[in-house]
Structure formats: C-alpha cells, structure tokens
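> Take a look at this one; I'll ask things after.
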Number of protein chains: 2
Amino acid sequence: MTDSHLKEVGIGSELLFKGKFLHAKCDTVRLPDGKTATREYVIHPGAVVVIPLLDDGQVVLERQYRYPVAQVITEFPAGKLDAGEEPLVCGQRELLEETGYTAAEWGYAGKMHLAVAYSTEVIHVYFARGLSLGERQLDQGEFLDVFTATVDDLMGWCRDGTVTDAKTLACTLWLQNVLSGAWSLDWQRAGDVSST
Amino acid sequence: MTDSHLKEVGIGSELLFKGKFLHAKCDTVRLPDGKTATREYVIHPGAVVVIPLLDDGQVVLERQYRYPVAQVITEFPAGKLDAGEEPLVCGQRELLEETGYTAAEWGYAGKMHLAVAYSTEVIHVYFARGLSLGERQLDQGEFLDVFTATVDDLMGWCRDGTVTDAKTLACTLWLQNVLSGAWSLDWQRAGDVSST
C-alpha cells in the first residue's frame, strides 16, 4: 500500500527560534489534497533511555524535578545524544553519570518517537544487566535521586498514577514482556559496542 | 520525604516565541544549590488519547503522517483539548471526528506526561467500548487512515518496531493489563460525562 494519500511534502522551512536548548522550525508543507499548511516542531538530537536490571530482580529508577510539569517525576535513566554519539555509548555514559552503575550486558529493545506532533525526538531503548555500582558523576546543575524498586512496585505505580512519564510507561511495556518471556532481546557484552 | 533537594523554583519567565501552534517560554530557575539556570519548554493545552475496544476484541487504530518524524505513524486516536474542554468530552469528540465511532461506555485509565524535559503536555488516557460506527468528520487539512487490529497484532507491532509512538506504547501497557484482569477500570455510561 502506498501512503501518498497521507504524505505531506515540505516546500519551505524557516527557523522559529534557536534557544540554548530548544530549537524549533516552521515548515510549509503540501498536503495530500494539494493545499498547503504549516508545521511547527522542535528539532531534537535524539536520546537514550535505559532499563537497568539488578541481579536481585529489582530495577534502577530516578526521581527528578521536571520544571515544565512542575513536579518530581519517576523515570528510567535517560539522556540526550551528544553530537555524533552512538546510542549504546550514550546509554552507557548516561547510566554511569546519573546512577553510578556500569553494566556487563546490554540489550537493544527498539526506538520510540516521543511527541510525533511537534518534535523530531527519537528515544532508543536499552536494557542493561550485570550491574555494578560505582560513583555517579552528575552534570553541573543536575539534581536527581536514584533508587531501586521491584517490578511489582513499578507496575503498581504505572497503574495508580505515581509513574506518568510516557517513556517510562513505554519502557514498562517492554519490561513486562521481556520478563514474561513473551519478547526476547539480543544481549551483547558491554565491550562489544560497535553495533547497536 | 521532602523534595526540596530536587525542586527548582521559577524566578523569571520570558516568551521564547508564539507560533500558530507552538508556544514556548524560557524561565530562569533557582536550583537546589542556590545557583540559577534556564529552562526552555513548550506550553501545551493538554490532550486525550482513546483506546477503542470493539465487541470482537479488536482495537481501532490510525495511520497518520507525522511531519516532524517524516513517516506514517500508527497510533491510537488522540487530539488536543479545546480551551476549557473536559478531557472526556475531548475524547468523545476526537474519537468521533477522527474515526466515526461513538462509544456507549468510557473508562478513565490515568494521565501521562509526554515530554517532561521540554513540554507541559499532559495526555489523559481513556478506554472506550460499546462502539458504533458512523461518519467521521475530519478537520480540514487532516488526513489519516482508520483501521482495526487484534491485540496480538498490536503487541507484535510494539515489539518489532512498527509501533514507535510513545503514547501508543504507553496505552498498550494499559491495554495488556486491563485485558489480563491485572488492572481494573471504572467504566461509566457515555451520557454521564460530568465527572472524569
């Protein structure tokens, strides 16, 4: 099936603004019926989220104040890709920086698009296991708590509204199905980071 | 436990820009250590996503070209809140406009925050059942395909990367656990829309 009856084609683009963090564009597009419209969206470098599995079956989570939603959010460790950075390398870096953990094995689950209406953001989802705890190395101005929880607790928090972060809810779908054996992962040793 | 060691306090705010759709601000915040930083974020009116359950056990999905990610995305029906609109009323409106379905019963699952690092967006998640099909009423310039799928197919697409939309993955976590009986919903008749 062709998607030509759905596709929008960019015919012009202008910078909406470029902040320190946010960078947005406004493109003019040709709609499937030949008319034109504008699409405003945020340019994002992409990100990685990590589902860290401890040997005792618990997972590693963070609590971080998220200013746009004005509350402390419970989420899996995540961070933006540096320019040219491989997603797996980013996941290893962010896990270490934010939580102090390094992992012996990594499993790539897949990618998600976070806000398809107005952001280019893609988040790569990794599982990590064989964890050992060292010193975390938070960026300056970064404040977050690291804690561990059982998967039952996490599932309860997704149901009762304690966990509301979309990427963490999506990761929990993966977690539930990997742990049940319904979905499988291709695990690789941490040293073998050339392919993702 | 107090969260004062995490909390950021706004001490200034300026408009980054106001487009037709996107509206962004840059706030200056005081960090937990007393230093200051800036936070750039998109102001969003909030949204609703609907998980429509057909009597034969299938779900209703959409395929829509999402310009920021330059591809057709498979997702549950969703849309932005109009000014002052109740989330349930928005869900009923969007389901009808985009798919042509009306539902006899609605169940509120909860809310998710879509992009906590840079958007205020909250999405309310509803289940809908007792569906009957009428005429859809797409907004001008809106192009999307509506189709039905088994839950097994949907789960397979979440695993194999066909479904990458974060809100749809999060909804699928809810769907899996409601259908298994692990999570319950408080269903209400469509006429009784005063409370959400």
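The chains in the structure tokens are called A, B, ... from first to last as shown; in each chain the residues are counted from 1, and the ligands are counted from 1 in the order shown.
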Please return, as a ChimeraX atom specification, all residues of chain B lying within 8 Å of chain A when only C-alpha atoms are considered.
/B:3,5-8,16-17,19-22,31-32,35,37,39-42,64-69,71-72,109-121,141,143-145,159-161,163-167,169-170,172-174,183
> Would you list, as a ChimeraX atom specification, the residues of range 2-192 of chain B that end up in strand (DSSP E or B) under DSSP run on this structure's backbone?
/B:9-18,23-30,36-42,47-53,59-66,71-75,78-80,101-113,119,122-133,144-149,165,187-189
> Write out as a PyMOL selection string which residues come within 6 Å of Arg129 in chain A when counting only C-alpha atoms, dropping same-chain ones fewer than 3 positions away.
chain A and resi 53+103+105
> For the residues in the current selection, export N, CA, C and O atoms as a short mmCIF file (atom, residue, chain, number, x, y, z; two decimals), in the first residue's frame.

```cif
data_model
loop_
_atom_site.label_atom_id
_atom_site.label_comp_id
_atom_site.auth_asym_id
_atom_site.auth_seq_id
_atom_site.Cartn_x
_atom_site.Cartn_y
_atom_site.Cartn_z
N LEU A 53 18.49 -3.63 35.04
CA LEU A 53 18.00 -4.79 35.80
C LEU A 53 19.06 -5.24 36.79
O LEU A 53 20.16 -5.65 36.40
N ALA A 103 27.21 -1.66 33.39
CA ALA A 103 26.52 -2.92 33.09
C ALA A 103 27.40 -3.82 32.24
O ALA A 103 28.09 -3.35 31.33
N GLU A 105 26.19 -6.35 30.40
CA GLU A 105 25.48 -6.73 29.17
C GLU A 105 24.40 -5.73 28.83
O GLU A 105 23.72 -5.20 29.73
#
```
> Could you give me, as a PyMOL selection string, the residues within 8 Å of Val50 in chain B, counting only C-alpha atoms and dropping anything in the same chain fewer than 6 positions from it?
chain B and resi 76-78+91+95+125-128
> Would you please extract all helix (DSSP H, G or I) residues from range 34-164 of chain A, as assigned by DSSP on the backbone, and give them as a list in words?
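Reading the DSSP output for range 34-164 of chain A, helix (DSSP H, G or I) covers Tyr67, Pro68, Val69, Pro87, Leu88, Val89, Cys90, Gly91, Gln92, Arg93, Glu94, Leu95, Leu96, Glu97, Glu98, Thr99, Val151, Asp152, Asp153, Leu154, Met155, Gly156, Trp157, Cys158, Arg159 and Asp160 of chain A.
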> Rounded to one decimal, what separation in Å do you get between CA of Phe147 in chain B and CA of Leu88 in chain B?
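Result for CA of Phe147 in chain B versus CA of Leu88 in chain B: 22.4 Å, one decimal.
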> Could you name the residues that touch Val146 in chain B at 7 Å or less, counting only C-alpha atoms, but leaving out those on the same chain fewer than 5 positions away, as a list in words?
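These residues fall inside the cut-off: Leu61, Glu62, Arg63 and Thr99 of chain B.
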> Skipping near chain neighbours, those fewer than 5 positions away, what residues fall within 10 Å of Ser132 in chain A using only C-alpha atoms, listed as a short mmCIF file (atom, residue, chain, number, x, y, z; two decimals) with N, CA and C atoms, in the first residue's frame?

```
data_model
loop_
_atom_site.label_atom_id
_atom_site.label_comp_id
_atom_site.auth_asym_id
_atom_site.auth_seq_id
_atom_site.Cartn_x
_atom_site.Cartn_y
_atom_site.Cartn_z
N LEU A 54 18.74 -5.18 38.07
CA LEU A 54 19.67 -5.66 39.10
C LEU A 54 19.59 -7.18 39.21
N ASP A 55 20.66 -7.78 39.75
CA ASP A 55 20.70 -9.24 39.86
C ASP A 55 19.59 -9.78 40.75
N LEU A 96 26.02 5.61 33.81
CA LEU A 96 27.12 5.85 34.76
C LEU A 96 27.02 7.24 35.39
N GLY A 100 25.71 5.91 38.58
CA GLY A 100 26.92 5.27 39.06
C GLY A 100 27.06 3.81 38.65
N TYR A 101 26.05 3.27 37.96
CA TYR A 101 26.12 1.85 37.56
C TYR A 101 26.81 1.69 36.21
N THR A 102 27.60 0.60 36.13
CA THR A 102 28.03 0.10 34.82
C THR A 102 27.42 -1.28 34.64
N ALA A 103 27.21 -1.66 33.39
CA ALA A 103 26.52 -2.92 33.09
C ALA A 103 27.40 -3.82 32.24
N ALA A 104 27.38 -5.12 32.54
CA ALA A 104 28.17 -6.08 31.78
C ALA A 104 27.51 -6.41 30.44
#
```
> Take CA of Thr150 in chain B and CA of Leu185 in chain B and report the distance between them in Å, one decimal.
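Between these atoms lies a distance of 20.5 Å.
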> Enter the distance from CA of Arg136 in chain B to CA of Glu86 in chain B, in Å, rounded to one decimal.
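Taking CA of Arg136 in chain B and CA of Glu86 in chain B, their separation equals 20.8 Å.
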